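final39.txt (compact mmCIF, C-alpha atoms)
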```
# COMPACT_ATOMS: atom_id res chain seq x y z
CA MET A 27 73.71 -34.91 61.65
CA GLU A 28 74.20 -37.06 58.57
CA GLU A 29 71.97 -36.29 55.61
CA LEU A 30 70.58 -39.85 55.72
CA TYR A 31 68.89 -39.12 59.02
CA VAL A 32 67.60 -35.69 58.01
CA LEU A 33 66.06 -37.28 54.92
CA ALA A 34 64.61 -40.07 57.07
CA PHE A 35 62.67 -37.54 59.14
CA ARG A 36 61.70 -35.47 56.14
CA ASP A 37 60.23 -38.53 54.40
CA ALA A 38 58.63 -39.81 57.60
CA ILE A 39 56.83 -36.50 58.22
CA SER A 40 55.47 -36.41 54.67
CA THR A 41 54.40 -40.07 54.75
CA VAL A 42 52.67 -40.00 58.14
CA PHE A 43 50.74 -36.77 57.59
CA SER A 44 49.76 -37.69 54.05
CA THR A 45 48.63 -41.23 54.91
CA MET A 46 46.92 -40.71 58.28
CA LEU A 47 45.66 -37.11 58.00
CA SER A 48 45.40 -36.58 54.22
CA VAL A 49 47.53 -33.47 54.80
CA GLU A 50 50.42 -32.68 52.48
CA VAL A 51 53.40 -31.22 54.35
CA GLN A 52 56.20 -29.17 52.82
CA VAL A 53 59.37 -29.76 54.82
CA GLY A 54 61.85 -26.90 54.52
CA ASP A 55 65.63 -26.95 54.71
CA PRO A 56 66.93 -27.90 58.15
CA VAL A 57 68.20 -25.18 60.48
CA ALA A 58 70.35 -25.61 63.55
CA SER A 59 68.31 -23.51 65.97
CA ARG A 60 65.03 -23.94 67.80
CA ALA A 61 62.06 -21.60 67.36
CA ASN A 62 60.98 -19.18 70.09
CA GLY A 63 58.19 -21.15 71.68
CA TYR A 64 55.49 -23.72 71.14
CA ASP A 65 52.15 -24.58 72.73
CA VAL A 66 51.98 -28.32 72.07
CA SER A 67 54.81 -30.83 71.59
CA GLY A 68 54.90 -34.58 71.05
CA ILE A 69 58.22 -36.18 71.92
CA ILE A 70 59.63 -39.60 71.10
CA SER A 71 63.05 -40.93 72.14
CA PHE A 72 65.43 -43.35 70.45
CA SER A 73 67.77 -45.85 72.08
CA GLY A 74 69.94 -48.71 70.89
CA GLU A 75 72.38 -48.20 68.02
CA MET A 76 71.09 -44.62 67.62
CA VAL A 77 70.25 -42.32 70.54
CA GLY A 78 68.34 -39.06 70.61
CA ALA A 79 64.83 -37.72 70.34
CA ALA A 80 62.38 -36.07 67.97
CA ALA A 81 59.87 -33.44 69.04
CA LEU A 82 56.90 -32.42 66.90
CA CYS A 83 56.25 -28.84 68.02
CA PHE A 84 53.09 -26.86 67.25
CA GLU A 85 51.24 -23.67 67.98
CA ALA A 86 47.88 -24.50 69.57
CA GLY A 87 45.82 -23.59 66.49
CA THR A 88 47.89 -25.76 64.18
CA ALA A 89 47.79 -28.66 66.63
CA LYS A 90 43.99 -28.40 66.94
CA ASN A 91 43.61 -28.39 63.15
CA LEU A 92 45.85 -31.44 62.76
CA VAL A 93 44.16 -33.38 65.57
CA LYS A 94 40.82 -32.70 63.88
CA SER A 95 42.20 -34.05 60.59
CA PHE A 96 43.60 -37.10 62.41
CA THR A 97 40.59 -38.00 64.56
CA GLY A 98 37.74 -36.45 62.61
CA MET A 99 36.67 -34.50 65.71
CA GLU A 100 37.27 -31.14 67.35
CA ILE A 101 39.07 -31.96 70.59
CA ALA A 102 39.98 -29.39 73.27
CA THR A 103 43.64 -29.21 74.23
CA ASP A 104 42.84 -30.18 77.85
CA ASP A 105 41.07 -33.37 76.75
CA PRO A 106 43.27 -36.46 77.26
CA ASP A 107 42.39 -37.57 73.73
CA PHE A 108 44.13 -34.46 72.38
CA ALA A 109 47.45 -35.45 73.96
CA ASP A 110 46.85 -39.04 72.86
CA ALA A 111 46.51 -37.97 69.22
CA ILE A 112 49.61 -35.76 69.33
CA GLY A 113 51.58 -38.56 71.00
CA GLU A 114 50.52 -41.03 68.34
CA LEU A 115 51.64 -38.64 65.60
CA ALA A 116 55.06 -38.40 67.26
CA ASN A 117 55.15 -42.19 67.60
CA MET A 118 54.42 -42.73 63.92
CA VAL A 119 56.91 -40.10 62.71
CA GLY A 120 59.63 -41.55 64.97
CA GLY A 121 58.84 -45.13 63.99
CA ASN A 122 58.69 -44.36 60.29
CA ALA A 123 61.96 -42.41 60.47
CA LYS A 124 63.82 -45.18 62.28
CA SER A 125 62.78 -47.69 59.62
CA ARG A 126 64.93 -45.55 57.29
CA PHE A 127 68.05 -45.66 59.53
CA ASP A 128 69.94 -48.04 57.23
CA GLY A 129 69.14 -51.23 59.13
CA LYS A 130 70.25 -49.95 62.53
CA ASN A 131 68.71 -51.65 65.57
CA VAL A 132 66.87 -48.79 67.26
CA ASN A 133 64.22 -48.85 69.97
CA LEU A 134 61.43 -46.33 70.32
CA SER A 135 60.10 -44.98 73.62
CA CYS A 136 56.43 -44.46 74.33
CA PRO A 137 55.64 -40.84 73.41
CA SER A 138 55.41 -37.91 75.82
CA VAL A 139 53.31 -34.80 75.22
CA VAL A 140 53.88 -31.29 76.57
CA ILE A 141 51.04 -28.74 76.52
CA GLY A 142 51.72 -25.19 77.68
CA ASN A 143 51.89 -21.79 76.04
CA GLY A 144 55.27 -20.72 74.73
CA HIS A 145 57.33 -23.65 75.98
CA GLN A 146 60.68 -24.74 74.59
CA ILE A 147 62.05 -28.25 74.22
CA HIS A 148 65.62 -28.55 75.52
CA GLN A 149 67.10 -31.77 74.27
CA ARG A 150 70.49 -33.28 75.09
CA LYS A 151 73.29 -30.72 74.81
CA ASP A 152 75.87 -33.23 73.58
CA MET A 153 74.15 -33.59 70.23
CA PRO A 154 73.49 -31.12 67.45
CA LEU A 155 69.91 -29.94 67.07
CA VAL A 156 68.26 -30.08 63.67
CA ASN A 157 65.03 -28.16 63.26
CA LEU A 158 62.89 -29.11 60.27
CA PRO A 159 60.42 -26.30 59.54
CA CYS A 160 57.14 -27.64 58.15
CA THR A 161 54.15 -25.97 56.52
CA CYS A 162 50.80 -27.45 55.58
CA SER A 163 47.16 -26.41 55.18
CA ALA A 164 46.69 -26.68 58.97
CA GLY A 165 49.49 -24.17 59.68
CA SER A 166 53.22 -24.26 60.38
CA PHE A 167 55.08 -26.50 62.80
CA SER A 168 58.59 -27.72 63.55
CA VAL A 169 60.21 -31.08 64.06
CA GLU A 170 63.26 -30.77 66.30
CA VAL A 171 65.61 -33.73 66.17
CA THR A 172 68.75 -34.70 68.05
CA LEU A 173 70.36 -37.95 66.97
CA LYS A 174 73.72 -39.69 66.96
CA GLU A 175 75.12 -43.17 66.74
CA SER A 176 75.33 -44.76 70.15
CA GLY A 177 78.80 -44.12 71.60
CA SER A 178 79.85 -41.83 68.76
CA GLU A 179 81.37 -38.42 69.28
CA LEU A 180 79.56 -35.27 68.30
CA SER A 181 78.79 -35.21 64.62
CA ALA A 182 78.67 -32.05 62.61
CA ALA A 183 75.46 -30.07 62.72
CA ALA A 184 73.41 -30.14 59.55
CA MET B 23 32.79 -62.02 65.47
CA LYS B 24 34.45 -60.55 68.53
CA ILE B 25 37.60 -58.55 67.83
CA MET B 26 40.08 -57.23 70.39
CA LEU B 27 42.02 -54.01 69.74
CA VAL B 28 45.22 -53.62 71.76
CA ASP B 29 46.86 -50.20 71.51
CA ASP B 30 47.88 -47.66 74.15
CA SER B 31 46.54 -44.90 71.88
CA ARG B 32 42.77 -44.41 72.06
CA THR B 33 43.05 -42.43 68.82
CA MET B 34 44.44 -45.48 67.01
CA ARG B 35 41.86 -47.78 68.55
CA ASN B 36 39.09 -45.44 67.36
CA ILE B 37 40.55 -45.34 63.83
CA GLN B 38 40.70 -49.14 63.78
CA LYS B 39 37.14 -49.33 65.13
CA ASN B 40 35.94 -47.15 62.25
CA VAL B 41 37.63 -49.44 59.71
CA LEU B 42 36.10 -52.50 61.37
CA ALA B 43 32.67 -50.84 61.37
CA GLN B 44 32.98 -50.34 57.60
CA LEU B 45 33.64 -54.08 57.33
CA GLY B 46 30.55 -54.81 59.41
CA TYR B 47 32.28 -55.73 62.68
CA SER B 48 30.89 -54.02 65.77
CA ASP B 49 31.60 -56.51 68.57
CA ILE B 50 34.84 -54.90 69.73
CA VAL B 51 36.71 -55.18 73.03
CA GLU B 52 39.74 -53.04 73.84
CA ALA B 53 42.91 -53.06 75.90
CA ALA B 54 45.51 -50.32 76.38
CA ASP B 55 48.56 -52.50 77.11
CA GLY B 56 49.70 -56.11 77.00
CA GLN B 57 48.83 -56.87 80.62
CA GLU B 58 45.28 -55.65 80.20
CA ALA B 59 45.07 -57.53 76.90
CA LEU B 60 45.87 -60.84 78.60
CA LYS B 61 43.00 -60.29 81.03
CA VAL B 62 40.56 -59.15 78.34
CA ALA B 63 41.52 -62.06 76.07
CA GLU B 64 40.92 -64.53 78.89
CA ALA B 65 37.53 -63.02 79.75
CA GLU B 66 36.21 -62.18 76.29
CA LYS B 67 37.75 -64.89 74.05
CA PRO B 68 38.17 -62.69 70.95
CA GLU B 69 38.33 -64.39 67.55
CA LEU B 70 40.75 -61.84 66.05
CA ILE B 71 43.30 -59.55 67.71
CA LEU B 72 44.84 -56.33 66.34
CA LEU B 73 47.98 -55.73 68.38
CA ASP B 74 50.29 -52.73 68.78
CA TRP B 75 53.96 -53.37 69.59
CA ASN B 76 55.21 -50.43 71.68
CA MET B 77 53.06 -50.13 74.79
CA PRO B 78 53.66 -49.54 78.50
CA LYS B 79 53.62 -52.34 81.15
CA LEU B 80 53.79 -55.24 78.64
CA ASP B 81 54.52 -54.65 74.97
CA GLY B 82 52.87 -56.43 72.06
CA LEU B 83 55.62 -58.99 71.63
CA GLY B 84 55.52 -59.86 75.33
CA PHE B 85 51.74 -60.25 75.13
CA LEU B 86 52.03 -62.42 72.03
CA LYS B 87 54.57 -64.81 73.58
CA GLU B 88 52.42 -65.27 76.67
CA PHE B 89 49.16 -65.49 74.72
CA ARG B 90 50.53 -68.08 72.31
CA GLY B 91 51.54 -70.26 75.28
CA ALA B 92 47.87 -71.01 75.79
CA ASN B 93 46.27 -70.11 72.45
CA LYS B 94 47.82 -71.19 69.13
CA THR B 95 44.88 -70.53 66.87
CA THR B 96 43.33 -67.07 67.36
CA PRO B 97 44.73 -64.91 64.54
CA VAL B 98 46.77 -61.88 65.57
CA ILE B 99 47.57 -58.94 63.29
CA MET B 100 50.42 -56.74 64.48
CA VAL B 101 49.65 -53.05 63.78
CA THR B 102 52.78 -51.10 64.57
CA THR B 103 55.38 -48.52 63.59
CA GLU B 104 58.04 -51.25 63.86
CA ALA B 105 58.86 -51.69 60.18
CA GLU B 106 62.37 -53.15 60.14
CA LYS B 107 62.69 -56.63 58.63
CA ALA B 108 64.28 -58.03 61.80
CA ARG B 109 61.28 -56.88 63.86
CA VAL B 110 58.79 -58.39 61.41
CA VAL B 111 60.66 -61.71 61.52
CA GLU B 112 60.73 -61.56 65.34
CA ALA B 113 56.97 -61.02 65.43
CA ILE B 114 56.29 -63.87 62.98
CA LYS B 115 58.46 -66.20 65.07
CA ALA B 116 56.44 -65.22 68.13
CA GLY B 117 53.24 -66.22 66.35
CA VAL B 118 51.81 -63.21 64.58
CA ASN B 119 49.63 -64.06 61.56
CA ASN B 120 49.78 -60.78 59.64
CA TYR B 121 51.45 -57.40 59.83
CA VAL B 122 50.36 -53.79 59.21
CA ILE B 123 52.87 -50.97 59.41
CA LYS B 124 51.73 -47.57 60.72
CA PRO B 125 50.93 -45.26 59.05
CA PHE B 126 48.34 -47.27 57.14
CA THR B 127 45.42 -46.50 54.88
CA PRO B 128 41.98 -47.84 55.84
CA GLU B 129 42.09 -49.90 52.64
CA LEU B 130 45.34 -51.63 53.66
CA LEU B 131 44.02 -52.48 57.11
CA GLN B 132 40.81 -53.83 55.55
CA THR B 133 42.86 -55.98 53.15
CA ARG B 134 45.00 -57.43 55.94
CA ILE B 135 41.94 -58.19 58.10
CA ASN B 136 40.12 -59.87 55.23
CA GLU B 137 43.08 -62.01 54.15
CA THR B 138 43.74 -63.05 57.75
CA LEU B 139 40.13 -64.12 58.30
CA GLU B 140 40.05 -65.92 54.92
CA LYS B 141 43.16 -67.91 55.90
CA LYS B 142 41.55 -68.79 59.23
CA ALA B 143 38.41 -69.99 57.50
CA ALA B 144 40.30 -72.10 54.92
```
Hey, can you dump this file as structure tokens for me?
Amino acid sequence: MEELYVLAFRDAISTVFSTMLSVEVQVGDPVASRANGYDVSGIISFSGEMVGAAALCFEAGTAKNLVKSFTGMEIATDDPDFADAIGELANMVGGNAKSRFDGKNVNLSCPSVVIGNGHQIHQRKDMPLVNLPCTCSAGSFSVEVTLKESGSELSAAA
Amino acid sequence: MKIMLVDDSRTMRNIQKNVLAQLGYSDIVEAADGQEALKVAEAEKPELILLDWNMPKLDGLGFLKEFRGANKTTPVIMVTTEAEKARVVEAIKAGVNNYVIKPFTPELLQTRINETLEKKAA
């Protein structure tokens, strides 16, 4: 994945969490492998001149802490408002990132949320996976991204 | 003043409600997609609309085009992640009065609401 797009997600993560949650996030160097398992994931897809998806992946405790920062309330993971908050975070990170895609015309899906202990997100196999490890006061989480120009061949993994 | 919030995320509607409460507005009606918003707008006659773009069933732009067919005057502020210049221009052409890009600070949303209402009153 081109550095432009990795930087787009890195900046989007920092901007969204800082602005909406007052949480400063340190985004580490990208790695090309997924983590072992997550409990909560918010997923947003891209279509148009760029195709792919971004998944914000959390352990339950981290997700609960972040949802509390976002909404101002403790919300149980089985409450629909919990999934709503995680989905909106994914929506804002995806939307903010795509505004940094060098003027490309890209559409955003409505977000999906997966809740379940130890799950993995398997994205499209024809694109390289970039995993951005993130740490903040609420805990650690990952943002897993697959992305390529529409119709392009496989690009090199970051 | 009656204000309608249109966003498929209840979290975002609640955040916007809190900002409006700080400004002294408590007469709020809500809709979770463009189709519902058309019905609520018809029934409740809001005087200001805060409108998300990406929503199921009917998106914000689709709502705006239909709404503006019958209502040219009620101010609409688009509150969305869609930040590209082409999208902003598209929304303005469809009749949006102001624009707030998510993520936003409460102060920015307050500023946009105030300037939109001041323009309406002028």
Smallest atom-to-atom distance to chain B: which of A:Thr97, A:Thr103, A:Asn91, A:Ser48, using all atoms listed in the file?
A:Thr97
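Interatomic distance, atom CA of Ser138 of chain A against atom CA of Ala34 of chain A: 21.0 Å.
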Distance limit 7 Å, atoms considered: all atoms listed in the file. Which chain A residues sit that close to chain B? Return them as a PDB file with C-alpha atoms, in the coordinates of the input.
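Result file is result.pdb:
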```pdb
ATOM      1  CA  VAL A  42      52.670 -40.000  58.140  1.00  0.00           C
ATOM      2  CA  THR A  45      48.630 -41.230  54.910  1.00  0.00           C
ATOM      3  CA  MET A  46      46.920 -40.710  58.280  1.00  0.00           C
ATOM      4  CA  THR A  97      40.590 -38.000  64.560  1.00  0.00           C
ATOM      5  CA  ASP A 107      42.390 -37.570  73.730  1.00  0.00           C
ATOM      6  CA  ASP A 110      46.850 -39.040  72.860  1.00  0.00           C
ATOM      7  CA  ALA A 111      46.510 -37.970  69.220  1.00  0.00           C
ATOM      8  CA  GLU A 114      50.520 -41.030  68.340  1.00  0.00           C
ATOM      9  CA  MET A 118      54.420 -42.730  63.920  1.00  0.00           C
ATOM     10  CA  GLY A 121      58.840 -45.130  63.990  1.00  0.00           C
ATOM     11  CA  ASN A 122      58.690 -44.360  60.290  1.00  0.00           C
ATOM     12  CA  SER A 125      62.780 -47.690  59.620  1.00  0.00           C
ATOM     13  CA  CYS A 136      56.430 -44.460  74.330  1.00  0.00           C
TER      14      CYS A 136
END
```
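Atom CA of Glu175 of chain A sits 23.5 Å away from atom CA of Pro159 of chain A.
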Separation of atom CA of Gly87 of chain A from atom CA of Gly165 of chain A in Å:
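Between these atoms lies a distance of 7.8 Å.
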With 8 Å added on each side, what axis-aligned box encloses every listed atom of segment 49-64 of chain A? Give the centre and edge lengths in Å to one decimal, as lines of an AutoDock Vina configuration file.
```
center_x = 58.9
center_y = -26.3
center_z = 62.1
size_x = 38.8
size_y = 30.3
size_z = 35.2
```
Residues near segment 126-133 of chain A, cut-off 6 Å, all atoms listed in the file, skip fewer than 2 positions along chain, as an MDAnalysis selection string:
chainID A and resid 34 72:76 123:124
Looking at B:Gln132, B:Asn120, B:Gln44, B:Gln57, which one is nearest to Phe85 of chain B, with distances taken over all atoms listed in the file?
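So, comparing all the options, the nearest one is B:Gln57.
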Env of Val122 of chain B: 7 Å cut, atoms = only C-alpha atoms, seq-sep filter 3 positions within chain, self excluded. Answer as a VMD selection string.
chain B and resid 100 to 102 131
Of the candidates A:Ser166, A:Ser71, A:Thr41, A:Thr88, which shows the shortest atom-to-atom distance to Pro137 of chain A, using only C-alpha atoms?
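Of A:Ser166, A:Ser71, A:Thr41, A:Thr88, the one nearest Pro137 of chain A is A:Ser71, counting only C-alpha atoms.
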Please provide as a PyMOL selection string all residues within 12 Å of Ala65 of chain B, with the sequence filter that same-chain residues fewer than 2 positions apart are discarded (counting all atoms listed in the file).
chain B and resi 24+26+51-53+58-63+67-68
Show me, as a PyMOL selection string, the residues that have an atom within 9 Å of Tyr121 of chain B when counting all atoms listed in the file, minus same-chain residues fewer than 3 positions from it.
chain B and resi 98-102+110+113-114+118+134
